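Reproduced below: my_file.cif, with mmCIF, C-alpha atoms.
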data_query
#
loop_
_atom_site.label_atom_id
_atom_site.label_comp_id
_atom_site.auth_asym_id
_atom_site.auth_seq_id
_atom_site.Cartn_x
_atom_site.Cartn_y
_atom_site.Cartn_z
CA MET A 15 17.18 -16.09 5.22
CA THR A 16 14.15 -16.36 2.96
CA VAL A 17 10.95 -14.77 4.26
CA LYS A 18 7.73 -16.68 3.66
CA TYR A 19 4.10 -15.75 4.18
CA TYR A 20 1.25 -18.12 4.93
CA ASN A 21 -1.65 -15.91 3.89
CA PHE A 22 -2.87 -12.33 3.83
CA ASP A 23 -6.02 -10.31 4.42
CA ILE A 24 -7.25 -6.76 4.20
CA VAL A 25 -7.84 -5.62 7.79
CA PHE A 26 -8.96 -2.47 9.58
CA ALA A 27 -7.92 -3.08 13.19
CA GLU A 28 -4.16 -3.74 13.07
CA ILE A 29 -3.01 -0.20 12.19
CA PRO A 30 -5.31 2.61 13.41
CA ASP A 31 -6.80 4.81 10.67
CA GLU A 32 -5.36 2.60 7.89
CA THR A 33 -6.80 0.01 5.53
CA THR A 34 -4.08 -2.60 5.78
CA LEU A 35 -2.93 -5.52 3.69
CA ALA A 36 -1.64 -7.78 6.47
CA LEU A 37 0.81 -10.53 5.49
CA ASN A 38 1.15 -13.40 8.00
CA ILE A 39 4.85 -14.25 8.04
CA THR A 40 5.91 -17.80 8.97
CA ASN A 41 8.94 -19.33 10.72
CA CYS A 42 8.34 -17.35 13.93
CA PRO A 43 11.15 -18.04 16.41
CA ASN A 44 9.51 -16.48 19.49
CA ARG A 45 7.45 -19.41 20.82
CA CYS A 46 5.29 -17.17 23.02
CA LYS A 47 3.30 -19.09 25.62
CA GLY A 48 -0.35 -19.12 24.55
CA CYS A 49 0.41 -18.27 20.90
CA HIS A 50 -2.85 -18.16 18.90
CA SER A 51 -1.13 -18.89 15.57
CA LEU A 52 1.05 -21.93 16.19
CA HIS A 53 1.10 -22.79 12.49
CA LEU A 54 3.09 -19.57 11.86
CA GLN A 55 5.99 -21.07 13.84
CA GLN A 56 6.57 -23.54 10.99
CA ASP A 57 8.75 -22.89 7.95
CA ILE A 58 5.82 -23.02 5.51
CA GLY A 59 4.14 -20.82 2.93
CA HIS A 60 5.02 -18.81 -0.13
CA VAL A 61 8.34 -17.03 -0.66
CA LEU A 62 7.95 -13.31 -0.01
CA ASP A 63 10.31 -11.45 -2.31
CA GLU A 64 10.10 -8.40 -4.56
CA GLU A 65 8.20 -10.31 -7.24
CA ALA A 66 5.58 -11.58 -4.78
CA LEU A 67 5.21 -8.12 -3.20
CA ALA A 68 4.86 -6.47 -6.60
CA GLY A 69 2.11 -8.98 -7.46
CA LEU A 70 0.24 -8.33 -4.20
CA LEU A 71 0.59 -4.57 -4.60
CA GLY A 72 -0.60 -4.85 -8.19
CA CYS A 73 -3.74 -6.64 -7.04
CA TYR A 74 -4.49 -4.81 -3.78
CA GLY A 75 -2.39 -1.63 -3.75
CA ARG A 76 -5.27 0.62 -4.78
CA SER A 77 -7.51 -0.83 -2.06
CA VAL A 78 -5.18 -0.34 0.91
CA THR A 79 -3.19 2.46 2.53
CA CYS A 80 -0.71 0.28 4.44
CA LEU A 81 1.12 -3.01 4.03
CA CYS A 82 1.94 -4.71 7.34
CA PHE A 83 4.31 -7.61 7.90
CA MET A 84 2.75 -9.69 10.69
CA GLY A 85 5.87 -11.35 12.06
CA GLY A 86 9.22 -11.89 10.45
CA ASP A 87 11.34 -11.98 13.60
CA ALA A 88 13.51 -14.74 12.11
CA SER A 89 14.66 -12.27 9.40
CA PRO A 90 14.03 -8.71 10.59
CA LEU A 91 16.61 -7.08 8.31
CA GLU A 92 15.06 -8.80 5.29
CA VAL A 93 11.59 -7.65 6.36
CA ALA A 94 12.94 -4.08 6.62
CA ARG A 95 14.49 -4.40 3.15
CA LEU A 96 11.16 -5.58 1.74
CA ALA A 97 9.41 -2.64 3.43
CA ARG A 98 11.82 -0.25 1.72
CA PHE A 99 11.04 -1.97 -1.60
CA VAL A 100 7.32 -1.32 -1.00
CA LYS A 101 8.02 2.36 -0.27
CA LYS A 102 10.11 2.65 -3.43
CA GLN A 103 7.40 1.05 -5.59
CA MET A 104 4.50 2.95 -3.99
CA PRO A 105 5.79 6.01 -2.10
CA ARG A 106 2.37 6.80 -0.59
CA MET A 107 1.93 3.26 0.77
CA LYS A 108 2.64 3.09 4.49
CA THR A 109 4.42 0.07 5.93
CA GLY A 110 4.13 -1.63 9.28
CA TRP A 111 5.79 -4.46 11.13
CA TYR A 112 4.29 -6.49 13.97
CA SER A 113 7.24 -7.96 15.87
CA GLY A 114 7.08 -10.29 18.84
CA CYS A 115 10.43 -8.94 20.04
CA ASP A 116 10.48 -6.69 23.09
CA LYS A 117 13.01 -4.32 21.54
CA LEU A 118 14.11 -3.40 18.06
CA PRO A 119 16.64 -5.88 16.65
CA GLU A 120 20.18 -4.57 16.38
CA GLY A 121 20.98 -2.99 13.03
CA LEU A 122 17.37 -2.47 11.96
CA ASP A 123 16.59 1.06 10.77
CA PRO A 124 13.13 1.96 12.12
CA ARG A 125 12.68 4.44 9.26
CA SER A 126 12.01 1.42 7.03
CA PHE A 127 8.52 1.45 8.54
CA ASP A 128 5.76 3.91 9.36
CA TYR A 129 4.52 1.67 12.19
CA ILE A 130 6.23 -0.86 14.44
CA LYS A 131 4.58 -3.07 17.07
CA LEU A 132 6.97 -4.44 19.68
CA GLY A 133 6.32 -6.90 22.48
CA HIS A 134 5.87 -10.63 22.95
CA TRP A 135 2.44 -12.13 23.58
CA ASP A 136 1.72 -12.24 27.32
CA ALA A 137 -1.78 -13.49 28.14
CA ALA A 138 -1.60 -11.93 31.62
CA HIS A 139 -1.27 -8.47 30.04
CA GLY A 140 -3.52 -9.02 27.05
CA PRO A 141 -3.53 -7.65 23.50
CA LEU A 142 -3.02 -4.09 22.29
CA SER A 143 -6.66 -3.35 23.15
CA SER A 144 -5.90 -3.86 26.87
CA PRO A 145 -4.55 -0.86 28.81
CA ALA A 146 -2.41 -3.41 30.73
CA THR A 147 -0.70 -4.74 27.59
CA ASN A 148 3.06 -5.17 27.45
CA GLN A 149 2.91 -4.63 23.68
CA HIS A 150 3.17 -1.20 22.04
CA LEU A 151 2.44 0.14 18.58
CA TYR A 152 4.59 3.07 17.50
CA ARG A 153 4.16 5.52 14.63
CA ILE A 154 7.58 6.32 13.14
CA THR A 155 7.90 9.78 11.63
CA GLU A 156 11.34 10.90 10.44
CA GLY A 157 12.95 8.54 12.95
CA GLU A 158 10.83 9.78 15.88
CA TRP A 159 8.79 7.18 17.78
CA GLU A 160 5.25 7.99 18.93
CA ASP A 161 3.47 5.39 21.06
CA ILE A 162 -0.06 5.14 19.65
CA THR A 163 -1.13 2.03 21.58
CA HIS A 164 -3.86 4.06 23.30
CA LYS A 165 -5.75 4.21 19.98
CA PHE A 166 -6.74 0.55 20.54
CA TRP A 167 -8.34 1.24 23.92
CA ARG A 168 -12.08 1.74 24.15
CA LYS A 169 -13.10 4.87 25.92
#

The structure in this file should be written as structure tokens.
Amino acid sequence: MTVKYYNFDIVFAEIPDETTLALNITNCPNRCKGCHSLHLQQDIGHVLDEEALAGLLGCYGRSVTCLCFMGGDASPLEVARLARFVKKQMPRMKTGWYSGCDKLPEGLDPRSFDYIKLGHWDAAHGPLSSPATNQHLYRITEGEWEDITHKFWRK
């Protein structure tokens, strides 16, 4: 399945300690109650392939330390493949994936990413910045998962 992105931005809050080029992926299948980005449920946007990624990295790669796929649950294996492409093109660039799934999809190698966020949106539990959140951000190092969600919590 073709992956498409609606837009992108350079952000500082999605991945702790990283300057991140965040790509908003469309065609989200999750339909979380209270979704704040309903337009991302539609099959709209620009095709995200190697050529598009190379163009984005050419423009913004020197300004960021991480590229994060915000969504992509309709095609998780393709998102992982694109993340590996990024790592091959720019070995020092970290990659992240924000998934609305509660667990890693079958067959997906977590080593494709340096960061993975798992968990559907649940308004009762709040975002990653809430200690009650059902969502978790993990740092992946050599296949080992470290939950770093606490980095979003204010002390």

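Residues selected in this file by the PyMOL selection byres ((chain A and resi 114-125) around 8) comprise Asn44, Gly85, Asp87, Pro90, Leu91, Ala94, Tyr112, Ser113, Ser126, Phe127, Asp128, Ile130, Lys131, Leu132, Gly133, His134, Trp135, Gln149, Ile154, Thr155, Glu156 and Gly157 of chain A.
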
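Across the structure, CA of Asp63 in chain A and CA of Arg98 in chain A are spaced 12.0 Å apart.
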
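The space separating CA of Phe22 in chain A from CA of Arg153 in chain A comes to 22.0 Å.
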
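Here, the PyMOL selection byres ((chain A and resi 76) around 12) matches Ile24, Thr33, Thr34, Leu35, Leu70, Leu71, Gly72, Cys73, Tyr74, Gly75, Ser77, Val78, Thr79, Cys80, Leu81, Met104, Arg106 and Met107 of chain A.
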
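Of the residues listed (A:Lys18, A:Lys108, A:Glu64, A:Leu54), A:Lys108 shows the shortest atom-to-atom separation from Asp31 in chain A; distances use only C-alpha atoms.
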
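Nearest to Phe83 in chain A of all the residues A:Asp136, A:Glu65, A:Asp23, A:Asp57 is A:Asp23, based on all atoms listed in the file.
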
To test your reading of the syntax: which residues would the PyMOL selection byres ((chain A and resi 47) around 9) return for the file shown? Reply as a JSON list (two decimals) with C-alpha atoms, in the frame of the given file.
[["chain", "number", "residue", "atom", "x", "y", "z"],
["A", 45, "ARG", "CA", 7.45, -19.41, 20.82],
["A", 46, "CYS", "CA", 5.29, -17.17, 23.02],
["A", 48, "GLY", "CA", -0.35, -19.12, 24.55],
["A", 49, "CYS", "CA", 0.41, -18.27, 20.90],
["A", 135, "TRP", "CA", 2.44, -12.13, 23.58],
["A", 136, "ASP", "CA", 1.72, -12.24, 27.32],
["A", 137, "ALA", "CA", -1.78, -13.49, 28.14]]

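With only C-alpha atoms as the atoms that count, the minimum distance from Val93 in chain A to the choices A:Ala138, A:Leu151, A:Leu62, A:Leu52 is reached by A:Leu62.
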
Margin query: Can you tell me which residues surround Tyr152 in chain A at a distance of at most 8 Å, considering all atoms listed in the file, apart from same-chain residues fewer than 2 positions away, and format the answer as an MDAnalysis selection string?
Written below: chainID A and resid 129:131 150 154 159:163

Check: A:Phe99, A:Glu32, A:Pro43, A:Pro145: which is nearest Gly86 in chain A, counting only C-alpha atoms?
Finding: A:Pro43

Checklist line | Gap from CA of Leu96 in chain A to CA of Phe166 in chain A - Å, one decimal | finding: 26.7 Å

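Candidate residues A:Ala36, A:Met84, A:Tyr19, A:Glu92 were compared for distance to Gln56 in chain A, and the nearest is A:Tyr19, using only C-alpha atoms.
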
Kindly provide, as lines of an AutoDock Vina configuration file, the centre and edge lengths (Å, one decimal) of an axis-aligned box around all atoms of range 88-106 of chain A given in the file, with 8 Å on each side.
center_x = 9.5
center_y = -4.0
center_z = 3.3
size_x = 30.2
size_y = 37.5
size_z = 33.7

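Each of A:Ala146, A:Cys42, A:Ala97, A:Val17 was compared to Gly59 in chain A using only C-alpha atoms, and A:Val17 turns out to be the nearest.
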
Atoms added to range 26-41 of chain A (N, CA and C atoms), reported as a JSON list (two decimals), in the frame of the given file:
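After the write, rebuild-v4.json holds the following:
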[["chain", "number", "residue", "atom", "x", "y", "z"],
["A", 26, "PHE", "N", -8.73, -3.85, 9.17],
["A", 26, "PHE", "CA", -8.96, -2.47, 9.58],
["A", 26, "PHE", "C", -8.55, -2.21, 11.02],
["A", 27, "ALA", "N", -8.18, -3.25, 11.76],
["A", 27, "ALA", "CA", -7.92, -3.08, 13.19],
["A", 27, "ALA", "C", -6.44, -3.12, 13.56],
["A", 28, "GLU", "N", -5.56, -3.57, 12.68],
["A", 28, "GLU", "CA", -4.16, -3.74, 13.07],
["A", 28, "GLU", "C", -3.39, -2.42, 13.14],
["A", 29, "ILE", "N", -3.66, -1.51, 12.21],
["A", 29, "ILE", "CA", -3.01, -0.20, 12.19],
["A", 29, "ILE", "C", -4.13, 0.84, 12.23],
["A", 30, "PRO", "N", -4.23, 1.63, 13.30],
["A", 30, "PRO", "CA", -5.31, 2.61, 13.41],
["A", 30, "PRO", "C", -5.34, 3.58, 12.22],
["A", 31, "ASP", "N", -6.55, 3.83, 11.74],
["A", 31, "ASP", "CA", -6.80, 4.81, 10.67],
["A", 31, "ASP", "C", -6.23, 4.38, 9.32],
["A", 32, "GLU", "N", -5.89, 3.10, 9.15],
["A", 32, "GLU", "CA", -5.36, 2.60, 7.89],
["A", 32, "GLU", "C", -6.17, 1.38, 7.43],
["A", 33, "THR", "N", -6.30, 1.23, 6.13],
["A", 33, "THR", "CA", -6.80, 0.01, 5.53],
["A", 33, "THR", "C", -5.56, -0.78, 5.14],
["A", 34, "THR", "N", -5.37, -1.93, 5.79],
["A", 34, "THR", "CA", -4.08, -2.60, 5.78],
["A", 34, "THR", "C", -4.13, -3.97, 5.10],
["A", 35, "LEU", "N", -3.17, -4.18, 4.22],
["A", 35, "LEU", "CA", -2.93, -5.52, 3.69],
["A", 35, "LEU", "C", -1.94, -6.17, 4.65],
["A", 36, "ALA", "N", -2.45, -7.13, 5.44],
["A", 36, "ALA", "CA", -1.64, -7.78, 6.47],
["A", 36, "ALA", "C", -1.15, -9.13, 5.95],
["A", 37, "LEU", "N", 0.18, -9.30, 5.94],
["A", 37, "LEU", "CA", 0.81, -10.53, 5.49],
["A", 37, "LEU", "C", 1.27, -11.33, 6.70],
["A", 38, "ASN", "N", 0.76, -12.54, 6.88],
["A", 38, "ASN", "CA", 1.15, -13.40, 8.00],
["A", 38, "ASN", "C", 2.43, -14.14, 7.66],
["A", 39, "ILE", "N", 3.52, -13.72, 8.29],
["A", 39, "ILE", "CA", 4.85, -14.25, 8.04],
["A", 39, "ILE", "C", 5.06, -15.52, 8.88],
["A", 40, "THR", "N", 5.69, -16.53, 8.28],
["A", 40, "THR", "CA", 5.91, -17.80, 8.97],
["A", 40, "THR", "C", 7.33, -17.89, 9.53],
["A", 41, "ASN", "N", 7.63, -19.03, 10.13],
["A", 41, "ASN", "CA", 8.94, -19.33, 10.72],
["A", 41, "ASN", "C", 9.23, -18.46, 11.95]]
